[in-house]
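Comments concern the structure below.
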Amino acid sequence: MIKSGNLKPILLIASFLLVYGFSFGFSPTQIENTSVAEISYTDVVAYTDGFIAITNNGRIDWISDKGEVTQTKSFEGESFKSILINNLQLVILDVHGQILLFENDSSFHKIENQSQTIINCITLFKNRIIAGCDEGELCVENTENSFKSIQLELKGNIVSLSSGINDCWGVTDQGEIISSKDGLNWTIFDFNSVYKGYYETCKFIKVETTPNQIAVLGINDEGLPVLFFSSKGNVWTERSLLFTNEEGVPEMLNEIPTDIFYDENNDQFILSDKQGGIMTIPSCSHCQKRYKISNEKLNAIAGNNLKIIIVGENNLKKIINIHSI
Amino acid sequence: MNRIINQLKLQIFRLKKISFFKKCLIGFSILMVSSILMALKPFDINEQIAKLPIYLNTSYSFEERAADLVSRFTLEEKQSLLGNSMAPVPRLGVKAYNTWSEALHGVLGFANPDAEIQGPTSFPNSVALGSAWDPELIQREAKAISDEARAINASGTKGLTYWSPVVEPIRDPRWGRTGESYGEDPFLVSQIAAGFVRGLVGDDAKYLKTVPSAKHYLANNSEFDRHVSSSNMDSRDMREFYLAPYKKLIEEDNLPSIMSSYNAVNGVPTSASLLYLDTIARRTYGMKGYITGDCASIEDIYTGHYYVQTAEEATAQGLKAGVDSDCGSVYQRSTIDAFNQGLITMADIDRALLNTFSIRMRTGEFDPPAKVPYSNFQPNTVNSPANQALAKEIATKTPVLLKNNKLAKTSRQALPLFPQEIKKIALIGPQADEVELGPYSGRPEQDNMITPVAGIEKYIAENGYSTEVVHSSGGNTASKSNLLYVAGFELQKSDGSTSKHDATKYSSASEGITVGSGMGSTEQVRTINDGSWTAYNNIDLNNVDSIGLIVNIPTEGGIIEVRVGSTDGNLVASLDATVASGKRAGGVYGAGSMMKVKVNKLGVTEPQTLYLCYTAPNNAPIAQETLDMAKASDVAIVFVGTDEKTATEEADRLTLLLPGNQVELIKAVAQVNPYTIVVMQTLGCVEVEEFKHLKNIPGIIWVGYNGQAQGDAIASILFGDASPGGKLNGTWYKSLNDLPPITDYTLRGGPNKNGRTFWYFDKEVSYEFGYGLSYTTFEYSNFKINKSFITPHDEVTISVDVKNTGSYDGDEVVQIYMTTPDSPDEMERPIKRLKGFKRVTIPVGQSKTVDIAIKCADLWFWDLEEDKITYDMGKYVFEIGASSKNIKGTVSATMGGEFIPEIKTVVADCGTVVLRKGSSAQTSLTAAMTDDSFYDIRKATIAYQSNNSKVAKVDQNGKVTAVGTGIASIIANVTINGKTKSDAFPIKVMPNLNAASITVNNKPIKGFNTDVAQFSYLMKNVSDEAPLVDAVAVDPNIAVEITQANGIPGTALISLVDYITLDKKEYSVNFGIQSISDEFKSNSIGSQWAFIRENSENWSLSKQPGTLVMNSLKGDITDGNVDAENILLQSANTDWTIETKLVCSRKPSGFSQNAGIVAYQDDDNFVKLVYRASFSRRSFGRANSGEQPGSVELMVENGGDQKSSVMLSMADIIKADNTLFLKLVKAGDVYTAYCSSDGKKFNEVGKTNVVLKNISAGLMTCDGVMPARMARFRRFMQQDTEPDTPFEVAFDYFKISNKGLK
């Protein structure tokens, strides 16, 4: 939902930048002599009719809905990890845990986030940037446009956040699920504790919210991918990852998933995996399919009303017509 | 189990502790003494068991235990349990469970080396089993399947419910799932399916071994449009043909589950039909068990059939119709919303869960394993040597010998083969070295998958023959059905512009073309056959460079020629959209990808009619080396067939020809080898006229997909170790042209339309229903019937002597067909119907007397006018034969006398699963008769009883009164014409959570009434100290927990909690002071007021002096939102009446712009009475555009959930001055809303009740938000006519008068 750019603007972002931001003096450079094989897209987000993808070597690509890179900016020494769009403003997390605001097509401003640990993920929730960090820490943009550190009693590192209109959800690599209605007060659901003996112990990778469902993607003790759904967050139902392969034969998903995206138009989730596959998960339990679209590891999925984009290692980007999967 | 006991002990301890410390020292002493005594007493297991919750206590019935369990779930848990993937509920010890498993001809599963489980055995598929005509045989197969299922389940797989068998009769052989059906005649289907059901459920009187679910209820007999189409028929076809197998299985074999289908029947989606599911399946046939929707069938109710508009409405339709479990996530996402919207009741949810959990209980899931007879199957049960042998045995009994001519050379029949006489045998054909299993079975170990080549080679080797076996495929099975799905095309011009066209919007098309979306959401041109075309008028081809076609290849693909003017007009472009050309197959679920081709410049400037002409790829030529091999062999056996690319779920056949170049292969081989045997393994009938008469093909065998041992079995048949004994289970039509359109679900023929099946098809066929030869011959004689005059209440025995007159031991299937020659022509009775059969093994030279019993009750027809079963009077001829045409003799009897229907099925319920102590419910009853009509229950003799009158009593009018906590079953005995049938339903009586009394500073509340949840005191002054509140529960087992008020104003909260069920009732006592009215005449806001999220720029007391003006701002506090600004509040923690006058600058707009009175605890707990824009989900993008007359709405939110909403439209009420008067009256927990356009005459809008604490009251104005549940539809809700002016509301006054106890 966030990736579709539906959230409201961050209020008073300019003053926020004046007070807390300082310019790194980044300036766009053209990519020169860069080995394509070394470059991986790490995240992607829908942007107007197309997409914006970021790479592990500090590059931002504006990609049309046909898959063509229409504009590129590169920032030496940077390695980008995660991107959000706040209307037309880019919010980017880099591998060093810095949150960067991109303005005027020319420079970044670093936001002082006060985190003492590594930031793993970011989301926008009710006009606040929220960052999920290691060791159960959250950095939440407060009303004074500064970041406030919130330490939750978590065992794990917060690895993914996702926001809906009313709720923000997060997951940890120790199987905890956190949620908040205001970004400041959080409840913790210790999945592995509640479901001990009923589900395998899980480590979570991603969370995705929809208007009436929360999806949590992870890996269980046996190293197998798992997907759980919940409507309110107190009861979690496992979704079998049995799918029909391209030969029409049923198979269980064994590949390690990397991202999950809710395709609103088709009311289905799409998983990407490390082995270059995507798997569609519609409401219908026996209609799941997996398509091998690449030999590269896929890292992220985004979509708009018509197209889905999947990005991954070795500069991989695939545009898929929303109606073709 | 220990975990549960420990949890229970903890709860009991907690309960005792709370009760005790809240009550008195005497109780404490008693408890201490009894505890000491308990400690001294030896541990009593029976006592411990008695303390088990009812759902774990095996002394109760499964239904009672299920009711108890259901009563303990929270609403969120209930929602999570309504899908096929059911969540665990650890606090109750309920494990995760998946109702979806498949076992059509073997458990759909995989090898699990960790559990030492091999790949499950795959037995012959349904169409093969139907051809064996042997219910006992399939029962053995199903027993083996259920053995393996139990063993697999014991290894941790969660679920013993299997969505098998398919019991739809084969109406049309093009149906993509023909291979999953047992045959064309409902009687045959019923008998074979009954064997399957018996094998799966096991033979224990109490426990189900596994749970079969018959599908797809009903009339899902075509695939291509089943998500959107309606199978239309009269009630006669419905009852006699489509429903007949379900009737038999439910009434006679206690079928525990059915699956509702995707399609509609006569315009109503089956999954939303109370008539089909509840009235017919449950109340007429008497089904006890659970109904699952087919996967996404609930979704199809609103996205395919558009029968309703939202997921919540589809959920309500499904649950109320009787679909207990949704294979999908609609129920699991929408049930709570449907409940909150008032579309369903808790009883609707509980009833569905009761049905599902009753079945789970019956598998023994909640019982000690030692009590469950099926709990000890070991991993090595799966694919055991015995099951492998059974797979082979069954596979030798399914083949049907279609042709076996005598060879001039040997003067013997062509089959069996004598390997000692054969030097070289050629095994030819694309299926010779393939094992085709068919869908919905497990994947056996590769070593156990025996192809014909492997089986024959093994046979030759094991028997020491020197025959040389050679093999060549020589052909292919490339599908010529469903060549392509085409969604659209784009014309790209040299100037860079593109025009897009929807392929489904054709101006004309060839016959048979359809539009559909299958499981997806994109509509496509479908059912494209070789030679199909679609045309598009007025296409501008000027300067077009290329054309992009959005195409999916379901199987092998085809060629699209783009032509102008006509199907043979100028060729503009040609696209080779075939897998052979390197394009990727998307499968039958796929939607499409763009494929581009260059356009030949034609120089046309005017718009043209564009034709897309579809052709199948040319057949591959037959390899010469294959023919050389055939020619050089003594015998050539051509193995041909169909596979899952020919037809399957979601894909019907468009042709009955063998796919690929197999017909050419057969003919080519026959040309070079005079001893050519054809072995066809297909999903059903194929057209054979091109080769069946060829002299060089003296032998033809057909078999359905014959399981993992198909190669071994065919070797045994070919070499004569077993004689073929199968009979065709369907008519083999000469041509596709003999069939009506596949969408025609009527059976009887008419002008220019042939009838369907051997019941009504009267033309010549290739092979008739029931046909099948043997290596031996049988002679029929001595035809007898034991009665010449019959009534529907009789049973007759028909007997015949059958002698094996040939030279092989063999099996014969004796078949009995019924005709009614005395029936008037206008009744259009079937030509004949199968009414009995028996497969017998007869050694050479021996005779057997075959007795076949027929219940005359089974000879019914459906009376269209009376809507019940009827019997034609007169002569009934019973034809006894070896097929439907090869009749050896007849016997007859005359039907006469009176048919007296008897009571058959009683269904009793009282509309709820759970009652509170002291409350009551009325039992409703239906009684169905043996003619499938309903009896007027008022005329029946009814006796009610309760099996536990300490819990629930029932009077002789069926009124159930809950008198004590626990479970009772209410039994209704219905007697009609001296015969009695009964039904029972469980009632869980929840504890009484009422307070006996509440005191304030030790004084009882005046006028205390348990129905009132909130009491208010009007105090004189604000204070830090509030009076002390205490309470006593009616039921001493109920814990009383009190949170005192922090001061005045303040609220004391009394919670009465049942720690067994975790159920809770709350009372509150409010302490408030006098509130202050305001005429808003001052320049500043009064000190009594405070803002929530004040935005001072948007309210004013000076803009319109004498009023408080508020501009609406984005946000609201409804539906989980917490962002409405400028909520003006003052304390109002008493009962009161509030009135305000609001003058709006214009009428509201948007989704829910609103203004009015609010009673507020916090953003998640409030009551609002507002004048608002009327969002309507039934009118996307219309009613919510621009200004609207709007509505007055009373809504309440409690705990963040919107609990109820009452709306009164202001159309024709609100005047042009946009002035409205609102009044909200609070009395206890009841809020009553009024509105008026003149301030004099107030109309009641509605009432709601909610317990709010620390209440403030005041005014607010906001833009509102779109309800979250509608967010996914927002693309339909463009609001392009929003007014430019703000929604500005002037509140003239806020008048409040407080009331309260003193």
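All residue names refer to the structure tokens as shown: chains lettered A, B, ... in order, residues numbered from 1 in each chain, ligands numbered from 1 in order.
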If you count only C-alpha atoms, which residues fall within 9 Å of Asp263 in chain A, apart from same-chain ones fewer than 4 positions away, as a PyMOL selection string?
-> chain A and resi 267-270+302-305+308+322
Write out as a ChimeraX atom specification the residues lying within 6 Å of range 424-438 of chain B, counting only C-alpha atoms and excluding same-chain residues fewer than 2 positions away.
-> /B:422,451-453,467-476,630,633-640,705,707
Next, the residues of the selection above should be written as a PDB file, in the first residue's frame with N, CA and C atoms.
ATOM      1  N   ILE B 422       5.580 -64.942 -31.016  1.00  0.00           N
ATOM      2  CA  ILE B 422       5.937 -63.618 -31.545  1.00  0.00           C
ATOM      3  C   ILE B 422       7.446 -63.423 -31.409  1.00  0.00           C
ATOM      4  N   THR B 451       5.374 -48.019 -17.019  1.00  0.00           N
ATOM      5  CA  THR B 451       4.847 -47.677 -18.337  1.00  0.00           C
ATOM      6  C   THR B 451       4.500 -48.963 -19.085  1.00  0.00           C
ATOM      7  N   PRO B 452       3.709 -48.878 -20.159  1.00  0.00           N
ATOM      8  CA  PRO B 452       3.444 -50.083 -20.954  1.00  0.00           C
ATOM      9  C   PRO B 452       4.725 -50.754 -21.455  1.00  0.00           C
ATOM     10  N   VAL B 453       5.673 -49.952 -21.884  1.00  0.00           N
ATOM     11  CA  VAL B 453       6.934 -50.554 -22.365  1.00  0.00           C
ATOM     12  C   VAL B 453       7.602 -51.324 -21.236  1.00  0.00           C
ATOM     13  N   THR B 467      10.806 -63.086 -27.038  1.00  0.00           N
ATOM     14  CA  THR B 467      10.253 -62.049 -27.920  1.00  0.00           C
ATOM     15  C   THR B 467      11.087 -60.776 -27.812  1.00  0.00           C
ATOM     16  N   GLU B 468      11.427 -60.249 -28.985  1.00  0.00           N
ATOM     17  CA  GLU B 468      12.165 -58.981 -28.995  1.00  0.00           C
ATOM     18  C   GLU B 468      11.150 -57.837 -28.900  1.00  0.00           C
ATOM     19  N   VAL B 469      11.391 -56.934 -27.966  1.00  0.00           N
ATOM     20  CA  VAL B 469      10.498 -55.789 -27.781  1.00  0.00           C
ATOM     21  C   VAL B 469      11.211 -54.542 -28.277  1.00  0.00           C
ATOM     22  N   VAL B 470      10.590 -53.870 -29.235  1.00  0.00           N
ATOM     23  CA  VAL B 470      11.176 -52.617 -29.723  1.00  0.00           C
ATOM     24  C   VAL B 470      10.165 -51.497 -29.498  1.00  0.00           C
ATOM     25  N   HIS B 471      10.680 -50.294 -29.409  1.00  0.00           N
ATOM     26  CA  HIS B 471       9.805 -49.174 -29.052  1.00  0.00           C
ATOM     27  C   HIS B 471      10.144 -47.926 -29.849  1.00  0.00           C
ATOM     28  N   SER B 472       9.124 -47.257 -30.288  1.00  0.00           N
ATOM     29  CA  SER B 472       9.297 -45.947 -30.916  1.00  0.00           C
ATOM     30  C   SER B 472       8.042 -45.129 -30.676  1.00  0.00           C
ATOM     31  N   SER B 473       8.240 -43.871 -30.295  1.00  0.00           N
ATOM     32  CA  SER B 473       7.061 -43.040 -30.024  1.00  0.00           C
ATOM     33  C   SER B 473       6.282 -42.784 -31.305  1.00  0.00           C
ATOM     34  N   GLY B 474       6.922 -42.149 -32.254  1.00  0.00           N
ATOM     35  CA  GLY B 474       6.321 -41.978 -33.566  1.00  0.00           C
ATOM     36  C   GLY B 474       5.238 -40.929 -33.665  1.00  0.00           C
ATOM     37  N   GLY B 475       4.783 -40.391 -32.561  1.00  0.00           N
ATOM     38  CA  GLY B 475       3.705 -39.399 -32.624  1.00  0.00           C
ATOM     39  C   GLY B 475       3.735 -38.493 -31.420  1.00  0.00           C
ATOM     40  N   ASN B 476       2.719 -37.679 -31.313  1.00  0.00           N
ATOM     41  CA  ASN B 476       2.652 -36.773 -30.171  1.00  0.00           C
ATOM     42  C   ASN B 476       1.207 -36.568 -29.753  1.00  0.00           C
ATOM     43  N   ALA B 630       7.488 -50.861 -37.243  1.00  0.00           N
ATOM     44  CA  ALA B 630       6.179 -51.537 -37.203  1.00  0.00           C
ATOM     45  C   ALA B 630       6.100 -52.614 -38.271  1.00  0.00           C
ATOM     46  N   SER B 633       7.873 -55.892 -37.552  1.00  0.00           N
ATOM     47  CA  SER B 633       7.480 -56.622 -36.349  1.00  0.00           C
ATOM     48  C   SER B 633       6.300 -57.542 -36.645  1.00  0.00           C
ATOM     49  N   ASP B 634       6.188 -58.573 -35.818  1.00  0.00           N
ATOM     50  CA  ASP B 634       5.049 -59.490 -35.990  1.00  0.00           C
ATOM     51  C   ASP B 634       3.753 -58.821 -35.550  1.00  0.00           C
ATOM     52  N   VAL B 635       3.871 -58.074 -34.484  1.00  0.00           N
ATOM     53  CA  VAL B 635       2.710 -57.363 -33.949  1.00  0.00           C
ATOM     54  C   VAL B 635       3.134 -55.930 -33.648  1.00  0.00           C
ATOM     55  N   ALA B 636       2.266 -55.013 -34.004  1.00  0.00           N
ATOM     56  CA  ALA B 636       2.520 -53.614 -33.640  1.00  0.00           C
ATOM     57  C   ALA B 636       1.394 -53.163 -32.711  1.00  0.00           C
ATOM     58  N   ILE B 637       1.794 -52.733 -31.537  1.00  0.00           N
ATOM     59  CA  ILE B 637       0.795 -52.213 -30.586  1.00  0.00           C
ATOM     60  C   ILE B 637       0.987 -50.707 -30.507  1.00  0.00           C
ATOM     61  N   VAL B 638      -0.061 -49.992 -30.832  1.00  0.00           N
ATOM     62  CA  VAL B 638       0.021 -48.534 -30.830  1.00  0.00           C
ATOM     63  C   VAL B 638      -0.652 -48.004 -29.564  1.00  0.00           C
ATOM     64  N   PHE B 639       0.143 -47.391 -28.733  1.00  0.00           N
ATOM     65  CA  PHE B 639      -0.366 -46.821 -27.477  1.00  0.00           C
ATOM     66  C   PHE B 639      -0.646 -45.337 -27.694  1.00  0.00           C
ATOM     67  N   VAL B 640      -1.892 -44.996 -27.663  1.00  0.00           N
ATOM     68  CA  VAL B 640      -2.280 -43.599 -27.873  1.00  0.00           C
ATOM     69  C   VAL B 640      -3.147 -43.156 -26.698  1.00  0.00           C
ATOM     70  N   TYR B 705      -7.263 -43.544 -17.344  1.00  0.00           N
ATOM     71  CA  TYR B 705      -5.921 -43.426 -16.751  1.00  0.00           C
ATOM     72  C   TYR B 705      -5.824 -44.480 -15.650  1.00  0.00           C
ATOM     73  N   GLY B 707      -3.555 -45.696 -13.421  1.00  0.00           N
ATOM     74  CA  GLY B 707      -2.778 -45.764 -12.188  1.00  0.00           C
ATOM     75  C   GLY B 707      -1.326 -46.116 -12.387  1.00  0.00           C
TER      76      GLY B 707
END
Interface residues on chain A facing chain B, 9 Å, only C-alpha atoms, written as number ranges by chain | A: 165-167, 181-182, 194-199, 210-213, 230-232, 234-240, 246-251, 264-267, 282-287, 289, 320-321, 323-325
Quick one: pick out all helix (DSSP H, G or I) residues within range 135-300 of chain A from a backbone DSSP run and write them as a ChimeraX atom specification.
-> /A:135-136,191-194
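If only C-alpha atoms are the atoms counted, then among B:Leu654, B:Asp825, B:Leu354, B:Val486 the closest residue to Gly512 in chain B is B:Leu654.
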DSSP-assigned strand (DSSP E) members of range 990-1071 of chain B, reported as a PyMOL selection string | chain B and resi 990+995-1000+1003-1004+1014-1018+1029-1033+1039-1043+1050-1058+1063-1071
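Atom pair CA of Ser1087 in chain B / CA of Gln1074 in chain B has a distance of 13.8 Å (rounded to one decimal).
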Quick one: everything within 8 Å of range 198-215 of chain B, counting only C-alpha atoms, minus sequence neighbours fewer than 5 positions away in the same chain. Send it as a PyMOL selection string.
-> chain B and resi 138-146+149-150+160-168+246+253+255-261+359+362-364+372-374
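Atom to atom, CA of Glu296 in chain A and CA of Leu224 in chain A stand 19.6 Å apart.
Residue nearest Ala908 in chain B within the list B:Leu1142, B:Val1040, B:Val840, B:Ile987: B:Ile987 [criterion: smallest interatomic distance, only C-alpha atoms].
Going from CA of Ile280 in chain B over to CA of Glu313 in chain B, you cover 22.7 Å.
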Counting only C-alpha atoms, what is within 12 Å of Lys406 in chain B, bar same-chain residues fewer than 2 positions away, as JSON, numbers by chain?
-> {"B": [403, 404, 408, 409, 410, 411, 412, 413, 414, 415, 416, 675, 695, 696, 697, 698, 699, 775]}
Name all residues at most 6 Å from Ile63 in chain A (count only C-alpha atoms; drop same-chain ones fewer than 2 positions away) and give them as number ranges by chain.
-> A: 50-52, 61, 67-70
